[in-house]
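Quick look at start.txt (compact mmCIF, N, CA and C atoms):
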```txt
# COMPACT_ATOMS: atom_id res chain seq x y z
N PRO Y 1 170.13 222.48 -37.95
CA PRO Y 1 170.86 223.54 -38.63
C PRO Y 1 172.32 223.59 -38.16
N SER Y 2 173.20 223.97 -39.05
CA SER Y 2 174.60 224.09 -38.65
C SER Y 2 174.86 225.50 -38.16
N ALA Y 3 175.75 225.62 -37.18
CA ALA Y 3 176.06 226.93 -36.59
C ALA Y 3 177.30 227.50 -37.24
N ARG Y 4 177.26 228.79 -37.52
CA ARG Y 4 178.40 229.46 -38.11
C ARG Y 4 178.65 230.75 -37.37
N ALA Y 5 179.78 230.84 -36.66
CA ALA Y 5 180.19 232.10 -36.06
C ALA Y 5 181.06 232.75 -37.13
N ASN Y 6 180.46 233.65 -37.87
CA ASN Y 6 181.19 234.24 -38.98
C ASN Y 6 181.16 235.73 -38.84
N GLY Y 7 182.34 236.30 -38.87
CA GLY Y 7 182.45 237.74 -38.76
C GLY Y 7 183.64 238.07 -37.90
N GLU Y 8 183.82 239.35 -37.72
CA GLU Y 8 184.92 239.78 -36.88
C GLU Y 8 184.55 241.11 -36.27
N GLY Y 9 185.04 241.35 -35.07
CA GLY Y 9 184.80 242.62 -34.42
C GLY Y 9 183.33 242.96 -34.29
N ASP Y 10 182.93 244.01 -34.97
CA ASP Y 10 181.57 244.55 -34.82
C ASP Y 10 180.58 244.07 -35.86
N HIS Y 11 180.93 243.08 -36.68
CA HIS Y 11 180.05 242.66 -37.76
C HIS Y 11 179.88 241.15 -37.82
N ALA Y 12 178.62 240.72 -38.02
CA ALA Y 12 178.34 239.32 -38.33
C ALA Y 12 178.11 239.26 -39.83
N LEU Y 13 178.83 238.37 -40.51
CA LEU Y 13 178.82 238.31 -41.96
C LEU Y 13 178.14 237.05 -42.47
N ALA Y 14 177.57 237.15 -43.67
CA ALA Y 14 176.98 235.97 -44.31
C ALA Y 14 178.11 235.01 -44.69
N PRO Y 15 178.03 233.75 -44.25
CA PRO Y 15 179.08 232.79 -44.56
C PRO Y 15 178.97 232.20 -45.96
N MET Y 16 177.86 232.52 -46.64
CA MET Y 16 177.59 231.97 -47.97
C MET Y 16 176.44 232.74 -48.60
N HIS Y 17 176.20 232.50 -49.88
CA HIS Y 17 175.00 233.04 -50.52
C HIS Y 17 173.80 232.31 -49.94
N GLY Y 18 172.70 233.00 -49.74
CA GLY Y 18 171.50 232.35 -49.21
C GLY Y 18 170.37 233.34 -49.05
N VAL Y 19 169.31 232.87 -48.40
CA VAL Y 19 168.12 233.68 -48.15
C VAL Y 19 167.89 233.72 -46.64
N VAL Y 20 167.63 234.90 -46.11
CA VAL Y 20 167.35 235.06 -44.68
C VAL Y 20 165.97 234.48 -44.40
N VAL Y 21 165.90 233.48 -43.51
CA VAL Y 21 164.62 232.86 -43.17
C VAL Y 21 164.16 233.21 -41.76
N ALA Y 22 165.07 233.70 -40.91
CA ALA Y 22 164.68 234.09 -39.55
C ALA Y 22 165.69 235.06 -38.97
N LEU Y 23 165.18 235.98 -38.14
CA LEU Y 23 166.02 236.90 -37.38
C LEU Y 23 165.78 236.57 -35.90
N SER Y 24 166.84 236.28 -35.19
CA SER Y 24 166.72 235.87 -33.79
C SER Y 24 166.91 237.02 -32.82
N VAL Y 25 167.26 238.19 -33.32
CA VAL Y 25 167.53 239.35 -32.48
C VAL Y 25 166.91 240.60 -33.09
N LYS Y 26 166.90 241.66 -32.27
CA LYS Y 26 166.45 242.98 -32.75
C LYS Y 26 167.41 244.03 -32.19
N PRO Y 27 167.45 245.22 -32.77
CA PRO Y 27 168.33 246.26 -32.24
C PRO Y 27 168.08 246.48 -30.74
N GLY Y 28 169.18 246.60 -30.00
CA GLY Y 28 169.10 246.80 -28.56
C GLY Y 28 169.29 245.53 -27.76
N ASP Y 29 169.12 244.36 -28.40
CA ASP Y 29 169.32 243.10 -27.69
C ASP Y 29 170.79 242.91 -27.34
N GLU Y 30 171.06 242.37 -26.15
CA GLU Y 30 172.43 242.02 -25.78
C GLU Y 30 172.63 240.54 -26.08
N VAL Y 31 173.79 240.21 -26.65
CA VAL Y 31 174.09 238.84 -27.05
C VAL Y 31 175.45 238.42 -26.51
N ALA Y 32 175.62 237.13 -26.36
CA ALA Y 32 176.90 236.55 -25.97
C ALA Y 32 177.59 236.02 -27.22
N GLU Y 33 178.88 235.88 -27.17
CA GLU Y 33 179.61 235.28 -28.29
C GLU Y 33 179.01 233.92 -28.61
N GLY Y 34 178.71 233.68 -29.87
CA GLY Y 34 178.15 232.39 -30.29
C GLY Y 34 176.64 232.34 -30.34
N ASP Y 35 175.94 233.35 -29.82
CA ASP Y 35 174.47 233.38 -29.90
C ASP Y 35 174.02 233.47 -31.36
N THR Y 36 172.92 232.80 -31.69
CA THR Y 36 172.38 232.85 -33.05
C THR Y 36 171.75 234.22 -33.29
N LEU Y 37 172.13 234.85 -34.41
CA LEU Y 37 171.60 236.16 -34.79
C LEU Y 37 170.62 236.04 -35.96
N VAL Y 38 171.01 235.29 -36.97
CA VAL Y 38 170.27 235.18 -38.22
C VAL Y 38 170.31 233.73 -38.68
N ILE Y 39 169.24 233.26 -39.32
CA ILE Y 39 169.26 231.94 -39.94
C ILE Y 39 169.10 232.12 -41.44
N LEU Y 40 170.06 231.55 -42.17
CA LEU Y 40 170.05 231.59 -43.63
C LEU Y 40 169.68 230.21 -44.16
N GLU Y 41 169.03 230.19 -45.32
CA GLU Y 41 168.80 228.93 -46.01
C GLU Y 41 169.60 228.95 -47.30
N ALA Y 42 170.37 227.89 -47.51
CA ALA Y 42 171.16 227.74 -48.72
C ALA Y 42 171.12 226.28 -49.13
N MET Y 43 170.78 226.02 -50.34
CA MET Y 43 170.70 224.65 -50.86
C MET Y 43 169.83 223.77 -49.95
N LYS Y 44 168.68 224.30 -49.54
CA LYS Y 44 167.68 223.62 -48.72
C LYS Y 44 168.18 223.22 -47.33
N MET Y 45 169.27 223.86 -46.88
CA MET Y 45 169.77 223.63 -45.52
C MET Y 45 169.78 224.95 -44.78
N GLU Y 46 169.43 224.91 -43.49
CA GLU Y 46 169.47 226.12 -42.67
C GLU Y 46 170.83 226.24 -42.01
N ASN Y 47 171.35 227.47 -41.98
CA ASN Y 47 172.65 227.76 -41.39
C ASN Y 47 172.51 228.93 -40.44
N GLN Y 48 172.98 228.76 -39.21
CA GLN Y 48 172.91 229.82 -38.22
C GLN Y 48 174.11 230.74 -38.37
N VAL Y 49 173.86 232.03 -38.33
CA VAL Y 49 174.93 233.03 -38.28
C VAL Y 49 174.98 233.49 -36.84
N CYS Y 50 176.13 233.29 -36.20
CA CYS Y 50 176.26 233.54 -34.77
C CYS Y 50 177.10 234.78 -34.48
N ALA Y 51 176.93 235.32 -33.30
CA ALA Y 51 177.67 236.52 -32.87
C ALA Y 51 179.16 236.22 -32.79
N PRO Y 52 179.99 237.06 -33.41
CA PRO Y 52 181.43 236.86 -33.34
C PRO Y 52 182.01 237.25 -31.98
N ARG Y 53 181.25 238.00 -31.18
CA ARG Y 53 181.68 238.41 -29.84
C ARG Y 53 180.44 238.84 -29.06
N ALA Y 54 180.59 239.05 -27.77
CA ALA Y 54 179.49 239.57 -26.95
C ALA Y 54 179.30 241.05 -27.27
N GLY Y 55 178.06 241.52 -27.15
CA GLY Y 55 177.78 242.93 -27.37
C GLY Y 55 176.30 243.19 -27.46
N LYS Y 56 175.97 244.38 -27.93
CA LYS Y 56 174.58 244.79 -28.11
C LYS Y 56 174.34 244.97 -29.61
N ILE Y 57 173.17 244.53 -30.08
CA ILE Y 57 172.83 244.68 -31.50
C ILE Y 57 172.58 246.16 -31.77
N SER Y 58 173.38 246.75 -32.65
CA SER Y 58 173.16 248.16 -32.98
C SER Y 58 172.31 248.30 -34.24
N GLN Y 59 172.46 247.34 -35.17
CA GLN Y 59 171.73 247.46 -36.43
C GLN Y 59 171.58 246.10 -37.10
N LEU Y 60 170.37 245.84 -37.62
CA LEU Y 60 170.14 244.69 -38.49
C LEU Y 60 170.20 245.20 -39.92
N LEU Y 61 171.03 244.60 -40.74
CA LEU Y 61 171.21 245.06 -42.11
C LEU Y 61 170.63 244.07 -43.11
N CYS Y 62 169.67 243.26 -42.65
CA CYS Y 62 168.99 242.31 -43.52
C CYS Y 62 167.56 242.15 -43.02
N GLN Y 63 166.75 241.52 -43.84
CA GLN Y 63 165.36 241.25 -43.44
C GLN Y 63 164.95 239.88 -43.95
N ILE Y 64 163.91 239.31 -43.35
CA ILE Y 64 163.44 238.00 -43.75
C ILE Y 64 163.04 238.03 -45.22
N GLY Y 65 163.50 237.01 -45.95
CA GLY Y 65 163.20 236.90 -47.38
C GLY Y 65 164.27 237.51 -48.28
N ALA Y 66 165.22 238.24 -47.68
CA ALA Y 66 166.26 238.90 -48.48
C ALA Y 66 167.32 237.88 -48.92
N SER Y 67 167.78 238.02 -50.16
CA SER Y 67 168.92 237.24 -50.63
C SER Y 67 170.20 237.95 -50.21
N VAL Y 68 171.15 237.19 -49.70
CA VAL Y 68 172.42 237.77 -49.26
C VAL Y 68 173.56 237.05 -49.97
N VAL Y 69 174.71 237.72 -50.01
CA VAL Y 69 175.88 237.16 -50.68
C VAL Y 69 176.99 236.91 -49.66
N LEU Y 70 177.91 236.06 -50.02
CA LEU Y 70 179.05 235.73 -49.19
C LEU Y 70 179.75 237.00 -48.71
N GLY Y 71 179.95 237.12 -47.40
CA GLY Y 71 180.67 238.26 -46.84
C GLY Y 71 179.83 239.50 -46.57
N GLN Y 72 178.55 239.46 -46.92
CA GLN Y 72 177.68 240.62 -46.68
C GLN Y 72 177.48 240.82 -45.19
N VAL Y 73 177.56 242.07 -44.72
CA VAL Y 73 177.32 242.37 -43.31
C VAL Y 73 175.82 242.23 -43.03
N LEU Y 74 175.48 241.39 -42.06
CA LEU Y 74 174.08 241.14 -41.71
C LEU Y 74 173.67 241.87 -40.44
N VAL Y 75 174.60 241.95 -39.48
CA VAL Y 75 174.31 242.54 -38.17
C VAL Y 75 175.53 243.33 -37.71
N GLU Y 76 175.27 244.51 -37.13
CA GLU Y 76 176.34 245.30 -36.51
C GLU Y 76 176.17 245.24 -34.99
N LEU Y 77 177.30 245.08 -34.30
CA LEU Y 77 177.32 245.02 -32.83
C LEU Y 77 178.03 246.24 -32.27
N GLU Y 78 177.66 246.60 -31.04
CA GLU Y 78 178.39 247.62 -30.28
C GLU Y 78 178.69 247.00 -28.92
N PRO Y 79 179.60 247.58 -28.15
CA PRO Y 79 179.90 247.01 -26.83
C PRO Y 79 178.64 246.93 -25.97
N ALA Y 80 178.51 245.88 -25.19
CA ALA Y 80 177.35 245.70 -24.31
C ALA Y 80 177.37 246.71 -23.19
N GLY Y 81 176.21 247.11 -22.74
CA GLY Y 81 176.09 247.98 -21.57
C GLY Y 81 176.61 249.38 -21.77
N GLY Y 82 176.75 249.83 -23.01
CA GLY Y 82 177.19 251.20 -23.26
C GLY Y 82 178.62 251.45 -22.88
N GLU Y 83 179.44 250.40 -22.82
CA GLU Y 83 180.86 250.58 -22.48
C GLU Y 83 181.56 251.39 -23.55
N ASN Y 84 182.51 252.19 -23.12
CA ASN Y 84 183.34 252.91 -24.06
C ASN Y 84 184.71 252.24 -24.05
N PRO Y 85 185.06 251.50 -25.14
CA PRO Y 85 186.31 250.74 -25.12
C PRO Y 85 187.55 251.62 -25.00
N ILE Y 86 187.45 252.90 -25.32
CA ILE Y 86 188.61 253.81 -25.25
C ILE Y 86 188.85 254.25 -23.81
N ASN Y 87 187.77 254.55 -23.08
CA ASN Y 87 187.89 255.08 -21.71
C ASN Y 87 187.33 254.10 -20.69
N SER Y 88 187.75 252.85 -20.76
CA SER Y 88 187.16 251.84 -19.88
C SER Y 88 187.95 251.63 -18.59
N SER Y 89 188.80 252.56 -18.22
CA SER Y 89 189.59 252.38 -17.00
C SER Y 89 188.89 252.87 -15.76
```
What's the structure tokens form of this structure?
Amino acid sequence: PSARANGEGDHALAPMHGVVVALSVKPGDEVAEGDTLVILEAMKMENQVCAPRAGKISQLLCQIGASVVLGQVLVELEPAGGENPINSS
């Protein structure tokens, strides 16, 4: 499968139209930048959707078997370890 780190900030986005064939994470999981979050199948090829940054999975916005479109938000991230980016001093 090809790896795709697609998204920005707090969202991992679908890099293409496809069908969700696997979820590699669940809410509450901590991930590193580049970790596989979701696997999509498009044109009989599997494509990994990877974390755009390190953090904790706050929400999965897709499910196995769902059709997704280019740019659709699949996963939402929050800072790892409950960090508050505003008051992190």
Margin query: Please list as number ranges by chain every residue within 10 Å of stretch 52-59 of chain Y, counting only C-alpha atoms and excluding residues in the same chain fewer than 2 positions away.
Written below: Y: 4-13, 25-37, 49-50, 61-62, 74-83
If you take every atom of stretch 22-41 of chain Y that the file lists and fit an axis-aligned box around them with 8 Å extra on each side, what centre and edge lengths come out in Å to one decimal, as AutoDock Vina command-line options?
```
--center_x 172.1 --center_y 237.9 --center_z -36.5 --size_x 30.9 --size_y 33.9 --size_z 37.5
```
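Proximity of Y:Leu60, Y:Val38, Y:Ala14, Y:Leu23 to Y:Gln72, computed with only N, CA and C atoms, is greatest for Y:Ala14.
With atom CA of Y:Val68 on one side and atom C of Y:Lys44 on the other, the separation reads 15.3 Å.
The spacing separating atom CA of Y:His17 from atom CA of Y:Ala51 amounts to 18.2 Å.
Those residues in stretch 24-79 of chain Y carrying a DSSP assignment of strand (DSSP E), computed from the backbone, are Y:Glu30, Y:Val31, Y:Thr36, Y:Leu37, Y:Val38, Y:Ile39, Y:Leu40, Y:Glu41, Y:Ala42, Y:Met45, Y:Glu46, Y:Asn47, Y:Gln48, Y:Val49, Y:Cys50, Y:Gly55, Y:Lys56, Y:Ile57, Y:Ser58, Y:Gln59, Y:Leu60, Y:Ser67, Y:Val68, Y:Val73, Y:Leu74, Y:Val75, Y:Glu76, Y:Leu77, Y:Glu78.
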Would you export the selected residues with N, CA and C atoms as a PDB file, in the coordinates of the input, please?
```
ATOM      1  N   GLU Y  30     171.060 242.370 -26.150  1.00  0.00           N
ATOM      2  CA  GLU Y  30     172.430 242.020 -25.780  1.00  0.00           C
ATOM      3  C   GLU Y  30     172.630 240.540 -26.080  1.00  0.00           C
ATOM      4  N   VAL Y  31     173.790 240.210 -26.650  1.00  0.00           N
ATOM      5  CA  VAL Y  31     174.090 238.840 -27.050  1.00  0.00           C
ATOM      6  C   VAL Y  31     175.450 238.420 -26.510  1.00  0.00           C
ATOM      7  N   THR Y  36     172.920 232.800 -31.690  1.00  0.00           N
ATOM      8  CA  THR Y  36     172.380 232.850 -33.050  1.00  0.00           C
ATOM      9  C   THR Y  36     171.750 234.220 -33.290  1.00  0.00           C
ATOM     10  N   LEU Y  37     172.130 234.850 -34.410  1.00  0.00           N
ATOM     11  CA  LEU Y  37     171.600 236.160 -34.790  1.00  0.00           C
ATOM     12  C   LEU Y  37     170.620 236.040 -35.960  1.00  0.00           C
ATOM     13  N   VAL Y  38     171.010 235.290 -36.970  1.00  0.00           N
ATOM     14  CA  VAL Y  38     170.270 235.180 -38.220  1.00  0.00           C
ATOM     15  C   VAL Y  38     170.310 233.730 -38.680  1.00  0.00           C
ATOM     16  N   ILE Y  39     169.240 233.260 -39.320  1.00  0.00           N
ATOM     17  CA  ILE Y  39     169.260 231.940 -39.940  1.00  0.00           C
ATOM     18  C   ILE Y  39     169.100 232.120 -41.440  1.00  0.00           C
ATOM     19  N   LEU Y  40     170.060 231.550 -42.170  1.00  0.00           N
ATOM     20  CA  LEU Y  40     170.050 231.590 -43.630  1.00  0.00           C
ATOM     21  C   LEU Y  40     169.680 230.210 -44.160  1.00  0.00           C
ATOM     22  N   GLU Y  41     169.030 230.190 -45.320  1.00  0.00           N
ATOM     23  CA  GLU Y  41     168.800 228.930 -46.010  1.00  0.00           C
ATOM     24  C   GLU Y  41     169.600 228.950 -47.300  1.00  0.00           C
ATOM     25  N   ALA Y  42     170.370 227.890 -47.510  1.00  0.00           N
ATOM     26  CA  ALA Y  42     171.160 227.740 -48.720  1.00  0.00           C
ATOM     27  C   ALA Y  42     171.120 226.280 -49.130  1.00  0.00           C
ATOM     28  N   MET Y  45     169.270 223.860 -46.880  1.00  0.00           N
ATOM     29  CA  MET Y  45     169.770 223.630 -45.520  1.00  0.00           C
ATOM     30  C   MET Y  45     169.780 224.950 -44.780  1.00  0.00           C
ATOM     31  N   GLU Y  46     169.430 224.910 -43.490  1.00  0.00           N
ATOM     32  CA  GLU Y  46     169.470 226.120 -42.670  1.00  0.00           C
ATOM     33  C   GLU Y  46     170.830 226.240 -42.010  1.00  0.00           C
ATOM     34  N   ASN Y  47     171.350 227.470 -41.980  1.00  0.00           N
ATOM     35  CA  ASN Y  47     172.650 227.760 -41.390  1.00  0.00           C
ATOM     36  C   ASN Y  47     172.510 228.930 -40.440  1.00  0.00           C
ATOM     37  N   GLN Y  48     172.980 228.760 -39.210  1.00  0.00           N
ATOM     38  CA  GLN Y  48     172.910 229.820 -38.220  1.00  0.00           C
ATOM     39  C   GLN Y  48     174.110 230.740 -38.370  1.00  0.00           C
ATOM     40  N   VAL Y  49     173.860 232.030 -38.330  1.00  0.00           N
ATOM     41  CA  VAL Y  49     174.930 233.030 -38.280  1.00  0.00           C
ATOM     42  C   VAL Y  49     174.980 233.490 -36.840  1.00  0.00           C
ATOM     43  N   CYS Y  50     176.130 233.290 -36.200  1.00  0.00           N
ATOM     44  CA  CYS Y  50     176.260 233.540 -34.770  1.00  0.00           C
ATOM     45  C   CYS Y  50     177.100 234.780 -34.480  1.00  0.00           C
ATOM     46  N   GLY Y  55     178.060 241.520 -27.150  1.00  0.00           N
ATOM     47  CA  GLY Y  55     177.780 242.930 -27.370  1.00  0.00           C
ATOM     48  C   GLY Y  55     176.300 243.190 -27.460  1.00  0.00           C
ATOM     49  N   LYS Y  56     175.970 244.380 -27.930  1.00  0.00           N
ATOM     50  CA  LYS Y  56     174.580 244.790 -28.110  1.00  0.00           C
ATOM     51  C   LYS Y  56     174.340 244.970 -29.610  1.00  0.00           C
ATOM     52  N   ILE Y  57     173.170 244.530 -30.080  1.00  0.00           N
ATOM     53  CA  ILE Y  57     172.830 244.680 -31.500  1.00  0.00           C
ATOM     54  C   ILE Y  57     172.580 246.160 -31.770  1.00  0.00           C
ATOM     55  N   SER Y  58     173.380 246.750 -32.650  1.00  0.00           N
ATOM     56  CA  SER Y  58     173.160 248.160 -32.980  1.00  0.00           C
ATOM     57  C   SER Y  58     172.310 248.300 -34.240  1.00  0.00           C
ATOM     58  N   GLN Y  59     172.460 247.340 -35.170  1.00  0.00           N
ATOM     59  CA  GLN Y  59     171.730 247.460 -36.430  1.00  0.00           C
ATOM     60  C   GLN Y  59     171.580 246.100 -37.100  1.00  0.00           C
ATOM     61  N   LEU Y  60     170.370 245.840 -37.620  1.00  0.00           N
ATOM     62  CA  LEU Y  60     170.140 244.690 -38.490  1.00  0.00           C
ATOM     63  C   LEU Y  60     170.200 245.200 -39.920  1.00  0.00           C
ATOM     64  N   SER Y  67     167.780 238.020 -50.160  1.00  0.00           N
ATOM     65  CA  SER Y  67     168.920 237.240 -50.630  1.00  0.00           C
ATOM     66  C   SER Y  67     170.200 237.950 -50.210  1.00  0.00           C
ATOM     67  N   VAL Y  68     171.150 237.190 -49.700  1.00  0.00           N
ATOM     68  CA  VAL Y  68     172.420 237.770 -49.260  1.00  0.00           C
ATOM     69  C   VAL Y  68     173.560 237.050 -49.970  1.00  0.00           C
ATOM     70  N   VAL Y  73     177.560 242.070 -44.720  1.00  0.00           N
ATOM     71  CA  VAL Y  73     177.320 242.370 -43.310  1.00  0.00           C
ATOM     72  C   VAL Y  73     175.820 242.230 -43.030  1.00  0.00           C
ATOM     73  N   LEU Y  74     175.480 241.390 -42.060  1.00  0.00           N
ATOM     74  CA  LEU Y  74     174.080 241.140 -41.710  1.00  0.00           C
ATOM     75  C   LEU Y  74     173.670 241.870 -40.440  1.00  0.00           C
ATOM     76  N   VAL Y  75     174.600 241.950 -39.480  1.00  0.00           N
ATOM     77  CA  VAL Y  75     174.310 242.540 -38.170  1.00  0.00           C
ATOM     78  C   VAL Y  75     175.530 243.330 -37.710  1.00  0.00           C
ATOM     79  N   GLU Y  76     175.270 244.510 -37.130  1.00  0.00           N
ATOM     80  CA  GLU Y  76     176.340 245.300 -36.510  1.00  0.00           C
ATOM     81  C   GLU Y  76     176.170 245.240 -34.990  1.00  0.00           C
ATOM     82  N   LEU Y  77     177.300 245.080 -34.300  1.00  0.00           N
ATOM     83  CA  LEU Y  77     177.320 245.020 -32.830  1.00  0.00           C
ATOM     84  C   LEU Y  77     178.030 246.240 -32.270  1.00  0.00           C
ATOM     85  N   GLU Y  78     177.660 246.600 -31.040  1.00  0.00           N
ATOM     86  CA  GLU Y  78     178.390 247.620 -30.280  1.00  0.00           C
ATOM     87  C   GLU Y  78     178.690 247.000 -28.920  1.00  0.00           C
TER      88      GLU Y  78
END
```
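Note that atom C of Y:Ser24 and atom CA of Y:Leu70 are 20.4 Å apart.
Residues in contact with Y:Gly65 at 6.5 Å, where all atoms listed in the file are counted and same-chain residues fewer than 3 positions away are skipped, are listed as Y:Val19, Y:Val20, Y:Val21, Y:Ala22.
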